Amino acid sequence: MYTDGQDKVAFLDRDGVINETPGGHGYVTAWEQFRFIDGALDALRTLKGKGYRLVVVTNQQGVGKGLMDIGALETIHRNLRACCARHGAAIDGVFSCPHRASDGCNCRKPRPGLIHQAIRKLGLDLDLARSWLIGDSPRDMEAGAAAGLNTLFIAPIADSALHPAASAVAPSLADAVKLL
Ligand SMILES: [Mg+2]
Ligand SMILES: [Zn+2]
């Protein structure tokens with residue numbers, strides 16, 4: 001469907017790609033807990049410089065579990081966007097799934113609903129061959145593949161055996177952008 005458009009887009013998972021996944025219950029529930037991964041902001045700016053539009057697609061079932069409300073999540077994302085914009089890496093959109101895995105929604109990755117939502121809302125005219133889903137979970141790879149995107153797996157050890165379905169593997173976003 002979105003085969004011959006003009007927009008090359010980097011769809012990015014958030015936790016473990018842009019920011020550190022926190023310990024404990026694993027959710028960033030306030031901006032004060034948000035820690036950029038070293039080099040991530042620069043990597044986003046590099047992507048922007050290479051002509052990619054930047055779209056964050058993130059599962060946040062901490063909302064569905066009652067660990068934070070949607071307002072807290074929106075505040076985190078407002079701050080994230082402001083930080084990125086100040087760094088020359090303005091993000092085109094942040095799309096999150098607040099549902100629990102057990103809700104069976106269409107937007108929680110590995111389903112591709114969030115990606116389709118972003119394409120619709122931002123009016124993206126995707127150049128599929130040059131667009132990527134970058135994530136650190138097999139769920140991300142599945143969602144990207146289901147949307148017809150190239151997939152880039154962020155893994156601590158650059159080992160494609162960790163996820164054979166990924167089109168490429170890199171140990172961090174900073175390394176990933178060199179491949180794009
Ligand atoms: Mg992740
Ligand atoms: Zn959802």
# chains A, B, ... in the order shown; residues from 1 in each chain; ligands from 1
$ select_by_dssp --residues "chain A" --states "strand (DSSP E)" --output "ChimeraX atom specification"
/A:9-12,53-59,93-97,132-135,150-154,168-170
$ write_last_selection --atoms "N, CA and C atoms" --output "tab-separated table (two decimals), in the first residue's frame"
chain	number	residue	atom	x	y	z
A	9	VAL	N	11.02	7.44	6.76
A	9	VAL	CA	10.65	7.62	8.15
A	9	VAL	C	11.39	6.61	9.02
A	10	ALA	N	11.90	7.09	10.16
A	10	ALA	CA	12.44	6.20	11.17
A	10	ALA	C	11.41	6.12	12.29
A	11	PHE	N	10.76	4.97	12.39
A	11	PHE	CA	9.85	4.71	13.51
A	11	PHE	C	10.72	4.13	14.63
A	12	LEU	N	10.65	4.78	15.79
A	12	LEU	CA	11.54	4.40	16.88
A	12	LEU	C	10.78	3.92	18.09
A	53	ARG	N	12.16	11.42	8.75
A	53	ARG	CA	11.19	11.93	9.71
A	53	ARG	C	11.22	10.99	10.90
A	54	LEU	N	11.04	11.53	12.09
A	54	LEU	CA	11.19	10.75	13.32
A	54	LEU	C	9.84	10.55	13.99
A	55	VAL	N	9.49	9.31	14.20
A	55	VAL	CA	8.21	8.99	14.83
A	55	VAL	C	8.45	7.95	15.92
A	56	VAL	N	8.03	8.26	17.13
A	56	VAL	CA	8.19	7.32	18.24
A	56	VAL	C	6.92	6.49	18.37
A	57	VAL	N	7.08	5.19	18.45
A	57	VAL	CA	5.93	4.28	18.66
A	57	VAL	C	6.25	3.41	19.87
A	58	THR	N	5.47	3.56	20.94
A	58	THR	CA	5.87	2.94	22.21
A	58	THR	C	4.70	2.28	22.95
A	59	ASN	N	4.94	1.05	23.39
A	59	ASN	CA	3.98	0.37	24.27
A	59	ASN	C	4.15	0.93	25.68
A	93	GLY	N	6.17	12.94	15.65
A	93	GLY	CA	5.03	12.48	16.42
A	93	GLY	C	5.42	11.39	17.40
A	94	VAL	N	4.68	11.31	18.51
A	94	VAL	CA	4.87	10.24	19.49
A	94	VAL	C	3.53	9.52	19.62
A	95	PHE	N	3.54	8.25	19.38
A	95	PHE	CA	2.31	7.46	19.44
A	95	PHE	C	2.51	6.34	20.45
A	96	SER	N	1.60	6.27	21.43
A	96	SER	CA	1.77	5.24	22.45
A	96	SER	C	0.53	4.40	22.61
A	97	CYS	N	0.75	3.16	22.98
A	97	CYS	CA	-0.34	2.25	23.33
A	97	CYS	C	-0.40	2.17	24.84
A	132	TRP	N	12.24	2.60	8.29
A	132	TRP	CA	12.71	1.62	9.26
A	132	TRP	C	11.90	1.65	10.55
A	133	LEU	N	11.82	0.48	11.15
A	133	LEU	CA	11.39	0.39	12.54
A	133	LEU	C	12.63	0.01	13.34
A	134	ILE	N	12.97	0.82	14.33
A	134	ILE	CA	14.14	0.56	15.15
A	134	ILE	C	13.68	0.25	16.57
A	135	GLY	N	14.01	-0.94	17.05
A	135	GLY	CA	13.55	-1.33	18.38
A	135	GLY	C	14.46	-2.34	19.03
A	150	ASN	N	11.56	-1.92	6.86
A	150	ASN	CA	12.83	-2.54	7.23
A	150	ASN	C	12.89	-2.51	8.75
A	151	THR	N	13.58	-3.49	9.33
A	151	THR	CA	13.64	-3.54	10.78
A	151	THR	C	15.09	-3.55	11.25
A	152	LEU	N	15.35	-2.76	12.28
A	152	LEU	CA	16.70	-2.70	12.85
A	152	LEU	C	16.62	-3.02	14.33
A	153	PHE	N	17.30	-4.08	14.69
A	153	PHE	CA	17.26	-4.60	16.06
A	153	PHE	C	18.41	-4.04	16.87
A	154	ILE	N	18.07	-3.34	17.96
A	154	ILE	CA	19.10	-2.84	18.87
A	154	ILE	C	19.33	-3.93	19.92
A	168	ALA	N	18.60	-5.66	10.04
A	168	ALA	CA	19.93	-5.24	10.47
A	168	ALA	C	19.97	-5.24	11.99
A	169	VAL	N	21.18	-5.29	12.53
A	169	VAL	CA	21.36	-5.31	13.98
A	169	VAL	C	22.46	-4.32	14.34
A	170	ALA	N	22.28	-3.62	15.45
A	170	ALA	CA	23.31	-2.71	15.94
A	170	ALA	C	23.23	-2.67	17.46
$ residues_near_ligand --ligand "ligand 2" --cutoff "7 Å" --atoms "only C-alpha atoms and all ligand atoms" --output "PyMOL selection string"
chain A and resi 97-99+105-108
$ write_last_selection --atoms "N, CA and C atoms" --output "compact mmCIF listing (two decimals), in the first residue's frame"
# COMPACT_ATOMS: atom_id res chain seq x y z
N CYS A 97 0.75 3.16 22.98
CA CYS A 97 -0.34 2.25 23.33
C CYS A 97 -0.40 2.17 24.84
N PRO A 98 -1.50 2.65 25.45
CA PRO A 98 -1.61 2.65 26.90
C PRO A 98 -2.25 1.36 27.45
N HIS A 99 -2.59 0.46 26.55
CA HIS A 99 -3.38 -0.71 26.96
C HIS A 99 -2.52 -1.83 27.57
N CYS A 105 -5.72 -5.09 22.23
CA CYS A 105 -5.94 -3.96 21.32
C CYS A 105 -5.14 -4.15 20.03
N ASN A 106 -5.41 -3.27 19.09
CA ASN A 106 -4.68 -3.36 17.81
C ASN A 106 -3.40 -2.54 17.80
N CYS A 107 -3.23 -1.69 18.83
CA CYS A 107 -2.07 -0.80 18.77
C CYS A 107 -0.85 -1.33 19.50
N ARG A 108 -1.03 -2.26 20.41
CA ARG A 108 0.15 -2.76 21.13
C ARG A 108 1.03 -3.61 20.22
$ closest_residue --among "A:Ile18, A:Ala101, A:Leu180, A:Ala72" --to "A:Ser131" --atoms "only C-alpha atoms"
A:Leu180
$ residues_near_ligand --ligand "ligand 1" --cutoff "8 Å" --atoms "only C-alpha atoms and all ligand atoms" --output "PDB file with C-alpha atoms, in the first residue's frame"
ATOM      1  CA  ASP A  13      10.706   2.371  19.910  1.00  0.00           C
ATOM      2  CA  ARG A  14      11.297   4.480  23.043  1.00  0.00           C
ATOM      3  CA  ASP A  15      12.494   2.496  26.076  1.00  0.00           C
ATOM      4  CA  GLY A  16      15.823   0.806  25.436  1.00  0.00           C
ATOM      5  CA  VAL A  17      16.382   2.758  22.216  1.00  0.00           C
ATOM      6  CA  THR A  21      14.614   1.156  30.481  1.00  0.00           C
ATOM      7  CA  THR A  58       5.869   2.943  22.207  1.00  0.00           C
ATOM      8  CA  GLY A 135      13.548  -1.328  18.385  1.00  0.00           C
ATOM      9  CA  ASP A 136      15.088  -3.497  21.054  1.00  0.00           C
ATOM     10  CA  SER A 137      12.412  -6.154  21.343  1.00  0.00           C
ATOM     11  CA  ASP A 140       9.187  -4.253  17.608  1.00  0.00           C
TER      12      ASP A 140
END
$ closest_residue --among "A:Asp92, A:Glu20, A:Asp7, A:Glu74" --to "A:Gly39" --atoms "only C-alpha atoms"
A:Glu20
$ decode --residues "stretch 16-66 of chain A" --atoms "N, CA and C atoms" --output "short mmCIF file (atom, residue, chain, number, x, y, z; two decimals), in the first residue's frame"
data_model
loop_
_atom_site.label_atom_id
_atom_site.label_comp_id
_atom_site.auth_asym_id
_atom_site.auth_seq_id
_atom_site.Cartn_x
_atom_site.Cartn_y
_atom_site.Cartn_z
N GLY A 16 14.77 1.72 25.89
CA GLY A 16 15.82 0.81 25.44
C GLY A 16 16.43 1.21 24.11
N VAL A 17 15.84 2.25 23.49
CA VAL A 17 16.38 2.76 22.22
C VAL A 17 16.80 4.22 22.40
N ILE A 18 15.85 5.02 22.90
CA ILE A 18 16.12 6.45 23.12
C ILE A 18 16.52 6.68 24.58
N ASN A 19 15.81 6.04 25.49
CA ASN A 19 16.08 6.20 26.92
C ASN A 19 16.29 4.85 27.58
N GLU A 20 16.97 4.91 28.72
CA GLU A 20 17.23 3.70 29.49
C GLU A 20 15.91 3.12 30.00
N THR A 21 15.75 1.82 29.86
CA THR A 21 14.61 1.16 30.48
C THR A 21 14.91 1.08 31.97
N PRO A 22 14.04 1.68 32.80
CA PRO A 22 14.36 1.69 34.23
C PRO A 22 14.24 0.31 34.87
N GLY A 23 14.93 0.16 35.99
CA GLY A 23 14.79 -1.08 36.75
C GLY A 23 13.44 -1.10 37.46
N GLY A 24 13.28 -1.96 38.40
CA GLY A 24 12.02 -2.05 39.13
C GLY A 24 10.92 -2.57 38.23
N HIS A 25 9.79 -1.85 38.19
CA HIS A 25 8.68 -2.34 37.37
C HIS A 25 8.91 -2.08 35.88
N GLY A 26 9.97 -1.33 35.54
CA GLY A 26 10.33 -1.19 34.13
C GLY A 26 9.63 -0.05 33.39
N TYR A 27 8.92 0.82 34.13
CA TYR A 27 8.23 1.92 33.46
C TYR A 27 8.76 3.27 33.91
N VAL A 28 8.92 4.16 32.95
CA VAL A 28 9.21 5.55 33.29
C VAL A 28 7.86 6.18 33.59
N THR A 29 7.64 6.58 34.83
CA THR A 29 6.32 7.11 35.20
C THR A 29 6.35 8.62 35.42
N ALA A 30 7.53 9.24 35.34
CA ALA A 30 7.65 10.69 35.47
C ALA A 30 8.89 11.14 34.71
N TRP A 31 8.86 12.38 34.23
CA TRP A 31 9.97 12.91 33.43
C TRP A 31 11.29 12.84 34.20
N GLU A 32 11.22 13.02 35.52
CA GLU A 32 12.43 12.99 36.36
C GLU A 32 13.16 11.65 36.24
N GLN A 33 12.45 10.61 35.82
CA GLN A 33 13.08 9.28 35.71
C GLN A 33 13.59 9.01 34.29
N PHE A 34 13.35 9.95 33.39
CA PHE A 34 13.71 9.72 31.99
C PHE A 34 15.19 9.99 31.80
N ARG A 35 15.94 9.00 31.36
CA ARG A 35 17.39 9.13 31.13
C ARG A 35 17.70 8.78 29.68
N PHE A 36 18.18 9.76 28.94
CA PHE A 36 18.58 9.46 27.57
C PHE A 36 19.75 8.47 27.59
N ILE A 37 19.75 7.54 26.68
CA ILE A 37 20.90 6.67 26.48
C ILE A 37 22.01 7.53 25.86
N ASP A 38 23.24 7.31 26.29
CA ASP A 38 24.38 8.07 25.75
C ASP A 38 24.37 8.03 24.23
N GLY A 39 24.44 9.20 23.62
CA GLY A 39 24.54 9.25 22.17
C GLY A 39 23.20 9.22 21.44
N ALA A 40 22.12 8.98 22.17
CA ALA A 40 20.82 8.84 21.49
C ALA A 40 20.34 10.16 20.88
N LEU A 41 20.49 11.25 21.63
CA LEU A 41 20.04 12.54 21.09
C LEU A 41 20.82 12.92 19.84
N ASP A 42 22.14 12.71 19.89
CA ASP A 42 22.96 13.00 18.71
C ASP A 42 22.54 12.11 17.54
N ALA A 43 22.24 10.86 17.85
CA ALA A 43 21.83 9.92 16.79
C ALA A 43 20.53 10.38 16.14
N LEU A 44 19.61 10.89 16.95
CA LEU A 44 18.34 11.37 16.39
C LEU A 44 18.59 12.57 15.48
N ARG A 45 19.51 13.44 15.91
CA ARG A 45 19.83 14.60 15.08
C ARG A 45 20.48 14.16 13.76
N THR A 46 21.33 13.15 13.85
CA THR A 46 21.96 12.62 12.64
C THR A 46 20.90 12.07 11.67
N LEU A 47 19.94 11.34 12.23
CA LEU A 47 18.86 10.79 11.38
C LEU A 47 18.10 11.92 10.69
N LYS A 48 17.81 12.95 11.47
CA LYS A 48 17.10 14.11 10.94
C LYS A 48 17.91 14.72 9.78
N GLY A 49 19.22 14.83 10.01
CA GLY A 49 20.11 15.38 9.00
C GLY A 49 20.16 14.54 7.73
N LYS A 50 19.91 13.24 7.90
CA LYS A 50 19.90 12.35 6.74
C LYS A 50 18.54 12.35 6.04
N GLY A 51 17.64 13.19 6.54
CA GLY A 51 16.35 13.35 5.86
C GLY A 51 15.23 12.46 6.36
N TYR A 52 15.47 11.79 7.49
CA TYR A 52 14.41 10.95 8.04
C TYR A 52 13.43 11.77 8.85
N ARG A 53 12.16 11.42 8.75
CA ARG A 53 11.19 11.93 9.71
C ARG A 53 11.22 10.99 10.90
N LEU A 54 11.04 11.53 12.09
CA LEU A 54 11.19 10.75 13.32
C LEU A 54 9.84 10.55 13.99
N VAL A 55 9.49 9.31 14.20
CA VAL A 55 8.21 8.99 14.83
C VAL A 55 8.45 7.95 15.92
N VAL A 56 8.03 8.26 17.13
CA VAL A 56 8.19 7.32 18.24
C VAL A 56 6.92 6.49 18.37
N VAL A 57 7.08 5.19 18.45
CA VAL A 57 5.93 4.28 18.66
C VAL A 57 6.25 3.41 19.87
N THR A 58 5.47 3.56 20.94
CA THR A 58 5.87 2.94 22.21
C THR A 58 4.70 2.28 22.95
N ASN A 59 4.94 1.05 23.39
CA ASN A 59 3.98 0.37 24.27
C ASN A 59 4.15 0.93 25.68
N GLN A 60 3.09 1.38 26.29
CA GLN A 60 3.17 1.91 27.66
C GLN A 60 2.02 1.34 28.50
N GLN A 61 2.10 0.03 28.73
CA GLN A 61 0.99 -0.58 29.46
C GLN A 61 1.00 -0.23 30.95
N GLY A 62 2.03 0.52 31.39
CA GLY A 62 2.00 1.05 32.76
C GLY A 62 0.77 1.90 32.99
N VAL A 63 0.26 2.52 31.91
CA VAL A 63 -0.98 3.31 32.02
C VAL A 63 -2.16 2.37 32.31
N GLY A 64 -2.26 1.33 31.49
CA GLY A 64 -3.35 0.37 31.68
C GLY A 64 -3.30 -0.34 33.01
N LYS A 65 -2.08 -0.47 33.53
CA LYS A 65 -1.91 -1.14 34.83
C LYS A 65 -2.13 -0.18 36.00
N GLY A 66 -2.35 1.11 35.70
CA GLY A 66 -2.60 2.07 36.76
C GLY A 66 -1.34 2.60 37.44
#
